[in-house]
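> Dropping in data30.txt, with compact mmCIF, C-alpha atoms.
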```
# COMPACT_ATOMS: atom_id res chain seq x y z
CA MET N 1 53.55 15.15 1.80
CA ASN N 2 51.43 18.28 1.58
CA ARG N 3 47.83 17.62 0.62
CA PHE N 4 46.91 21.07 -0.66
CA ASN N 5 45.49 21.39 -4.17
CA LYS N 6 47.91 21.53 -7.08
CA ALA N 7 46.17 24.67 -8.30
CA GLU N 8 47.42 26.45 -5.19
CA GLN N 9 51.05 25.51 -5.64
CA LYS N 10 51.77 28.49 -7.86
CA TYR N 11 50.77 30.79 -4.98
CA GLN N 12 53.08 29.18 -2.46
CA ARG N 13 55.87 31.65 -3.21
CA LEU N 14 53.57 34.44 -2.00
CA ALA N 15 53.09 32.78 1.38
CA ILE N 16 55.07 33.35 4.55
CA PRO N 17 56.43 29.95 5.66
CA GLY N 18 55.85 29.18 9.32
CA ILE N 19 53.42 32.07 9.81
CA LEU N 20 52.25 30.78 13.21
CA ARG N 21 55.83 30.17 14.29
CA ILE N 22 56.65 33.78 13.50
CA LEU N 23 53.61 34.97 15.40
CA ALA N 24 54.62 32.86 18.42
CA CYS N 25 58.15 34.29 18.35
CA PHE N 26 56.83 37.87 18.22
CA GLN N 27 54.57 37.14 21.18
CA LEU N 28 57.55 35.80 23.10
CA LEU N 29 59.54 38.94 22.20
CA VAL N 30 56.69 41.19 23.38
CA PHE N 31 56.48 39.14 26.58
CA ILE N 32 60.18 39.76 27.24
CA LEU N 33 59.89 43.50 26.54
CA ALA N 34 56.76 43.79 28.67
CA HIS N 35 58.50 41.90 31.48
CA PHE N 36 61.01 44.73 31.87
CA GLN N 37 58.48 47.54 31.41
CA GLY N 38 55.46 46.07 33.20
CA GLU N 39 52.22 44.67 31.83
CA SER N 40 50.56 48.10 31.93
CA SER N 41 53.45 49.80 30.13
CA ALA N 42 53.07 52.42 27.42
CA PHE N 43 54.70 49.91 25.06
CA LEU N 44 51.80 47.44 25.34
CA GLU N 45 49.28 50.25 25.07
CA ALA N 46 50.97 51.48 21.89
CA ILE N 47 50.60 48.14 20.08
CA SER N 48 47.13 47.17 21.33
CA LEU N 49 44.02 47.42 19.16
CA SER N 50 42.27 50.73 19.77
CA ILE N 51 39.87 51.59 16.96
CA ALA N 52 39.71 55.25 17.94
CA LYS N 53 43.48 55.58 17.71
CA VAL N 54 43.55 53.64 14.45
CA LEU N 55 41.13 56.20 13.04
CA ASP N 56 43.48 58.92 14.34
CA GLY N 57 46.24 57.49 12.15
CA GLU N 58 47.92 54.83 14.31
CA VAL N 59 47.29 52.14 11.71
CA TRP N 60 50.12 49.90 12.90
CA ARG N 61 47.79 48.72 15.65
CA LEU N 62 45.85 46.73 13.03
CA LEU N 63 48.84 44.37 12.89
CA THR N 64 50.68 44.69 16.17
CA PHE N 65 47.73 43.71 18.38
CA ILE N 66 48.24 40.04 17.46
CA PHE N 67 51.75 40.18 18.94
CA ILE N 68 50.46 40.76 22.46
CA PRO N 69 50.82 37.43 24.32
CA ARG N 70 47.79 35.68 25.76
CA THR N 71 49.51 35.27 29.11
CA PHE N 72 52.27 36.96 31.07
CA SER N 73 53.32 33.83 32.94
CA LEU N 74 56.74 32.58 31.87
CA ILE N 75 55.77 28.90 32.01
CA TRP N 76 52.53 29.41 30.10
CA ILE N 77 54.05 31.62 27.42
CA LEU N 78 56.69 28.97 26.73
CA ILE N 79 54.01 26.27 26.52
CA ALA N 80 51.94 28.51 24.25
CA VAL N 81 54.89 29.16 21.91
CA LEU N 82 55.73 25.46 21.66
CA PHE N 83 52.10 24.58 21.07
CA MET N 84 51.74 27.23 18.33
CA TRP N 85 54.88 25.80 16.72
CA PHE N 86 53.29 22.35 16.80
CA ILE N 87 50.00 23.61 15.35
CA ASN N 88 51.80 25.47 12.56
CA ASP N 89 53.57 22.32 11.38
CA GLY N 90 50.37 20.29 11.38
CA LEU N 91 48.33 22.87 9.47
CA GLU N 92 51.09 23.55 6.94
CA ASN N 93 51.37 19.82 6.31
CA ALA N 94 47.62 19.58 5.70
CA TRP N 95 47.03 22.86 3.85
CA GLY N 96 50.33 24.24 2.64
CA ALA N 97 51.78 27.60 3.63
CA PHE N 98 49.55 29.67 1.33
CA ARG N 99 46.26 28.35 2.67
CA LEU N 100 47.47 28.66 6.26
CA ASN N 101 48.46 32.28 5.54
CA ALA N 102 45.03 32.95 4.07
CA TYR N 103 43.37 31.39 7.12
CA ALA N 104 45.49 33.34 9.64
CA PHE N 105 45.19 36.71 7.88
CA GLY N 106 41.50 36.05 7.16
CA THR N 107 40.90 35.48 10.88
CA MET N 108 42.78 38.67 11.75
CA ILE N 109 40.92 40.76 9.15
CA CYS N 110 37.51 39.40 10.20
CA THR N 111 38.35 40.19 13.82
CA ILE N 112 39.24 43.76 12.92
CA VAL N 113 35.99 44.13 10.98
CA GLY N 114 34.06 42.90 14.04
CA CYS N 115 35.92 45.40 16.23
CA PHE N 116 35.07 48.27 13.90
CA ILE N 117 31.40 47.26 13.90
CA THR N 118 31.38 47.12 17.70
CA TYR N 119 33.07 50.50 17.87
CA PHE N 120 30.48 52.16 15.64
CA LEU N 121 27.56 50.44 17.40
CA PHE N 122 28.58 50.83 21.03
CA GLY N 123 31.47 53.28 21.07
CA ILE N 124 33.89 50.68 22.47
CA SER N 125 37.41 51.43 21.32
CA PHE N 126 39.85 49.05 23.04
CA PHE N 127 39.78 45.32 22.17
CA PRO N 128 42.03 42.69 23.85
CA VAL N 129 41.58 40.12 21.08
CA SER N 130 45.15 39.03 20.44
CA ASP N 131 44.24 35.39 21.14
CA VAL N 132 41.75 34.93 18.28
CA ILE N 133 44.28 33.52 15.80
CA PHE N 134 45.45 30.99 18.37
CA HIS N 135 41.89 29.79 19.05
CA ALA N 136 41.01 29.64 15.34
CA ALA N 137 44.22 27.80 14.43
CA PHE N 138 43.84 25.33 17.28
CA LEU N 139 40.23 24.48 16.38
CA ALA N 140 41.20 24.00 12.73
CA PHE N 141 43.99 21.68 13.85
CA ALA N 142 41.52 19.74 16.02
CA VAL N 143 39.15 19.27 13.07
CA ILE N 144 41.96 17.92 10.87
CA TYR N 145 43.65 15.79 13.56
CA PRO N 146 40.86 15.00 16.08
CA ASN N 147 42.52 11.84 17.41
CA GLN N 148 46.01 13.30 17.80
CA VAL N 149 47.16 12.63 21.36
CA ILE N 150 48.95 15.40 23.26
CA GLN N 151 50.28 15.67 26.78
CA PHE N 152 47.74 17.98 28.35
CA MET N 153 49.38 20.12 31.05
CA LEU N 154 52.53 18.22 30.02
CA VAL N 155 51.29 15.21 32.01
CA LEU N 156 47.91 13.86 30.94
CA PRO N 157 47.65 12.15 27.51
CA ILE N 158 44.43 13.26 25.87
CA LYS N 159 43.03 13.44 22.35
CA ILE N 160 43.08 16.85 20.78
CA LYS N 161 39.32 16.84 20.10
CA TYR N 162 38.60 16.86 23.83
CA VAL N 163 40.98 19.75 24.43
CA ALA N 164 39.20 21.55 21.58
CA LEU N 165 35.91 21.24 23.47
CA LEU N 166 37.60 22.89 26.45
CA ASP N 167 38.88 25.64 24.17
CA VAL N 168 35.35 26.23 22.83
CA ALA N 169 34.17 26.56 26.43
CA VAL N 170 36.91 29.11 27.13
CA VAL N 171 35.86 31.20 24.10
CA ALA N 172 32.22 30.97 25.19
CA LEU N 173 33.15 32.22 28.67
CA ILE N 174 35.09 35.12 27.16
CA ILE N 175 32.02 36.14 25.16
CA LEU N 176 29.55 35.65 28.02
CA ARG N 177 31.71 37.61 30.43
CA ASP N 178 31.34 40.75 28.30
CA PRO N 179 29.03 40.07 25.34
CA ILE N 180 28.77 43.72 24.21
CA HIS N 181 32.55 43.97 24.06
CA ASN N 182 33.40 40.51 22.71
CA ALA N 183 30.44 38.93 20.90
CA ILE N 184 30.77 40.62 17.51
CA PRO N 185 34.60 40.53 17.25
CA TYR N 186 34.76 36.85 18.19
CA ALA N 187 31.80 35.96 15.96
CA PHE N 188 33.53 37.57 12.99
CA ALA N 189 36.88 36.04 13.96
CA PHE N 190 35.51 32.53 13.48
CA VAL N 191 34.01 33.16 10.04
CA PRO N 192 37.08 31.61 8.30
CA PHE N 193 36.84 28.62 10.63
CA ALA N 194 33.15 28.19 9.83
CA ILE N 195 33.90 28.33 6.09
CA PHE N 196 36.62 25.73 6.52
CA ALA N 197 34.99 23.43 9.08
CA GLY N 198 31.34 23.67 7.99
CA PRO N 199 31.62 21.29 5.00
CA ILE N 200 33.68 18.87 7.11
CA PHE N 201 31.06 18.76 9.87
CA LEU N 202 28.29 18.35 7.28
CA GLN N 203 30.14 15.49 5.61
CA TYR N 204 30.72 13.87 9.01
CA ALA N 205 27.03 14.16 9.90
CA GLN N 206 25.99 12.61 6.58
CA HIS N 207 28.54 9.83 7.03
CA SER N 208 27.28 9.14 10.57
CA ALA N 209 23.67 8.98 9.38
CA THR N 210 24.60 6.61 6.54
CA THR N 211 26.59 4.42 8.90
CA ALA N 212 23.72 4.25 11.40
CA GLU N 213 21.29 3.28 8.63
CA ARG N 214 23.60 0.54 7.35
CA ARG N 215 24.10 -0.78 10.88
CA ALA N 216 20.33 -0.90 11.45
CA ARG N 217 19.79 -2.78 8.18
CA PHE N 218 22.56 -5.23 9.03
CA GLN N 219 21.17 -5.89 12.50
CA ALA N 220 17.68 -6.38 11.09
CA ALA N 221 18.99 -8.84 8.53
CA SER N 222 21.03 -10.66 11.16
CA GLU N 223 18.13 -11.23 13.53
CA PRO N 224 16.76 -14.75 13.01
CA GLU N 225 13.10 -15.05 12.23
CA THR N 226 11.09 -16.66 15.03
CA ASP N 227 9.80 -20.07 13.97
CA SER N 228 6.06 -20.66 14.25
CA PHE N 229 4.10 -23.91 14.30
CA HIS N 230 0.84 -22.50 12.92
CA LYS N 231 0.44 -20.03 10.04
CA CYS N 232 -2.77 -18.93 8.38
CA TYR N 233 -2.74 -19.63 4.66
CA ALA N 234 -4.97 -16.62 3.97
CA CYS N 235 -3.65 -13.76 6.12
CA GLY N 236 -0.25 -15.10 7.25
CA VAL N 237 -0.87 -14.63 10.97
CA THR N 238 0.86 -17.06 13.36
CA GLU N 239 0.46 -18.05 16.98
CA ASN N 240 3.38 -15.69 17.73
CA ASP N 241 1.16 -12.78 16.69
CA ASP N 242 -1.76 -13.91 18.86
CA PRO N 243 -1.20 -16.79 21.32
CA ASN N 244 -4.99 -17.14 21.86
CA LEU N 245 -5.75 -17.57 18.17
CA GLU N 246 -6.93 -21.03 17.06
CA PHE N 247 -6.03 -22.67 13.75
CA ARG N 248 -7.76 -25.40 11.71
CA VAL N 249 -6.84 -27.38 8.62
CA ALA N 250 -9.48 -26.97 5.92
CA ALA N 251 -10.62 -29.45 3.29
CA ASP N 252 -8.10 -28.07 0.80
CA GLY N 253 -5.30 -29.18 3.14
CA GLU N 254 -4.25 -25.65 4.10
CA GLU N 255 -4.21 -24.27 7.63
CA TYR N 256 -6.34 -21.25 8.47
CA CYS N 257 -6.96 -19.16 11.55
CA LEU N 258 -10.57 -19.38 12.73
CA PRO N 259 -11.63 -15.91 11.46
CA CYS N 260 -10.25 -16.63 7.98
CA LEU N 261 -11.70 -20.15 8.03
CA LYS N 262 -15.17 -18.76 8.79
CA GLU N 263 -14.83 -16.27 5.95
CA LYS N 264 -13.71 -19.04 3.65
CA LYS N 265 -16.69 -21.23 4.53
CA ALA N 266 -19.07 -18.29 4.15
CA ALA N 267 -17.66 -17.52 0.73
CA GLU N 268 -17.98 -21.17 -0.32
CA GLN N 269 -21.62 -21.31 0.83
CA ALA N 270 -22.39 -18.09 -1.01
CA ASN N 271 -20.93 -19.47 -4.23
CA SER N 272 -22.68 -22.84 -3.98
```
Hey, can you dump this file as structure tokens for me?


Amino acid sequence: MNRFNKAEQKYQRLAIPGILRILACFQLLVFILAHFQGESSAFLEAISLSIAKVLDGEVWRLLTFIFIPRTFSLIWILIAVLFMWFINDGLENAWGAFRLNAYAFGTMICTIVGCFITYFLFGISFFPVSDVIFHAAFLAFAVIYPNQVIQFMLVLPIKIKYVALLDVAVVALIILRDPIHNAIPYAFAFVPFAIFAGPIFLQYAQHSATTAERRARFQAASEPETDSFHKCYACGVTENDDPNLEFRVAADGEEYCLPCLKEKKAAEQANS
């Protein structure tokens, strides 16, 4: 059953069902067309994101750039399509189609904004950022289903949260490889993810801190108190606190350590 808010149900008719599935199919179609024309074909250039050409009127590039596949290997594109299909179903089940649409289009729009900023700051026009929606969708999936087990490389069973760490490393390498070109677009691309995942991470951190505090209190309560043979009636010190300390039983029948016993006798003499 979908777990999205009831208040959002009225907007579901405005959503595109299976938005990530559609994106994956378009990427597969572009892969097939590029296969016959070559990766450096005029076709790929015509749909890539070039801010200068967008400003010249080629506004379709603001949408078509996300259709460029992340890889031009047949095996990897098929794996990528199947994986995007899998991610789409998981996110739609958790969010509903409308929220997933908002997340995907929000990521795309934020990426475009970052590209425009980079263009005006550094004069860079061309941006190969078609993979941002995949990275953002995958990390959102990993936050919702961290313990989901997948067959990594189709062989190794591994929890999705560990693959997500690898994906974060890949994004970091992309940025570090060309920070002037990639830093701002990728930073803006993950704004929707930060808005979505931030409260979840904060809640997890608070829960972890509370759990650690409860565990510490439980362990402290579970530790048996060490028995002592001698205990000063006045200050409560025992031989466990100071093995060299001597104790005496006073006339009142109570046991005192020698320092407290001397103080007691001095006080009694002063009052007599």

> Neighbours of stretch 174-187 of chain N within 8 Å (all atoms listed in the file; same-chain residues fewer than 2 positions away dropped), as a list in words?

Cys110, Thr111, Ile112, Val113, Gly114, Cys115, Ile117, Thr118, Phe122, Ile124, Phe127, Val129, Val132, Val170, Val171, Ala172, Ala189, Phe190 and Val191 of chain N

> Which distance in Å separates atom CA of N:Ala137 and atom CA of N:Met84, to one decimal?

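Computed distance, atom CA of N:Ala137 to atom CA of N:Met84, equals 8.5 Å.
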
> Can you pull out every residue within 9 Å of N:Val168, counting all atoms listed in the file, but drop anything in the same chain fewer than 5 positions away, and send it as a PyMOL selection string?

chain N and resi 135+139+163+173

> Write out the residues from the selection above, keeping C-alpha atoms, as a compact mmCIF listing (two decimals), in the coordinates of the input.


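Heads up, here's the output in out-v5.txt:
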```txt
# COMPACT_ATOMS: atom_id res chain seq x y z
CA HIS N 135 41.89 29.79 19.05
CA LEU N 139 40.23 24.48 16.38
CA VAL N 163 40.98 19.75 24.43
CA LEU N 173 33.15 32.22 28.67
```

> Grab the atom CA of N:Phe134 to atom CA of N:Pro199 distance for me, in Å with one decimal place.

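If I compute the distance from atom CA of N:Phe134 to atom CA of N:Pro199, I get 21.5 Å.
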
> How many Å separate atom CA of N:Arg215 from atom CA of N:Asn240?

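Computing the Euclidean distance for atom CA of N:Arg215 and atom CA of N:Asn240 yields 26.4 Å.
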
> For N:Ser125, which residue among N:Ala251, N:Val155, N:Ala234, N:Leu55 is the nearest when counting all atoms listed in the file?

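Between N:Ala251, N:Val155, N:Ala234, N:Leu55, the residue approaching N:Ser125 most closely is N:Leu55.
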
> Extract, using all atoms listed in the file, all DNA, RNA and protein residues at most 12 Å from N:Ala164, discarding same-chain residues fewer than 3 positions from it, and format them as a PDB file with C-alpha atoms, in the coordinates of the input.


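Below is the file that was written, out_26.pdb:
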```pdb
ATOM      1  CA  PHE N 134      45.450  30.990  18.370  1.00  0.00           C
ATOM      2  CA  HIS N 135      41.890  29.790  19.050  1.00  0.00           C
ATOM      3  CA  ALA N 136      41.010  29.640  15.340  1.00  0.00           C
ATOM      4  CA  ALA N 137      44.220  27.800  14.430  1.00  0.00           C
ATOM      5  CA  PHE N 138      43.840  25.330  17.280  1.00  0.00           C
ATOM      6  CA  LEU N 139      40.230  24.480  16.380  1.00  0.00           C
ATOM      7  CA  ALA N 140      41.200  24.000  12.730  1.00  0.00           C
ATOM      8  CA  PHE N 141      43.990  21.680  13.850  1.00  0.00           C
ATOM      9  CA  ALA N 142      41.520  19.740  16.020  1.00  0.00           C
ATOM     10  CA  VAL N 143      39.150  19.270  13.070  1.00  0.00           C
ATOM     11  CA  ILE N 144      41.960  17.920  10.870  1.00  0.00           C
ATOM     12  CA  TYR N 145      43.650  15.790  13.560  1.00  0.00           C
ATOM     13  CA  PRO N 146      40.860  15.000  16.080  1.00  0.00           C
ATOM     14  CA  ASN N 147      42.520  11.840  17.410  1.00  0.00           C
ATOM     15  CA  GLN N 148      46.010  13.300  17.800  1.00  0.00           C
ATOM     16  CA  VAL N 149      47.160  12.630  21.360  1.00  0.00           C
ATOM     17  CA  ILE N 150      48.950  15.400  23.260  1.00  0.00           C
ATOM     18  CA  PHE N 152      47.740  17.980  28.350  1.00  0.00           C
ATOM     19  CA  ILE N 158      44.430  13.260  25.870  1.00  0.00           C
ATOM     20  CA  LYS N 159      43.030  13.440  22.350  1.00  0.00           C
ATOM     21  CA  ILE N 160      43.080  16.850  20.780  1.00  0.00           C
ATOM     22  CA  LYS N 161      39.320  16.840  20.100  1.00  0.00           C
ATOM     23  CA  ASP N 167      38.880  25.640  24.170  1.00  0.00           C
ATOM     24  CA  VAL N 168      35.350  26.230  22.830  1.00  0.00           C
ATOM     25  CA  ALA N 169      34.170  26.560  26.430  1.00  0.00           C
ATOM     26  CA  VAL N 170      36.910  29.110  27.130  1.00  0.00           C
ATOM     27  CA  VAL N 171      35.860  31.200  24.100  1.00  0.00           C
TER      28      VAL N 171
END
```

> Rank N:Glu263, N:Asp89, N:Glu239, N:Glu45 by their smallest atom-to-atom distance to N:Val30, using only C-alpha atoms, and report the top residue only.

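Of all the options, N:Glu45 lies closest to N:Val30.
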
> May I have the residues within 9 Å of N:Asn101 as a ChimeraX atom specification, using all atoms listed in the file and disregarding those fewer than 5 positions away in the same chain?

/N:15-20,96,106

> Which residue is closest to N:Leu62? Choose from N:Phe83, N:Phe229, N:Phe26, N:Phe126 and count all atoms listed in the file.

N:Phe126
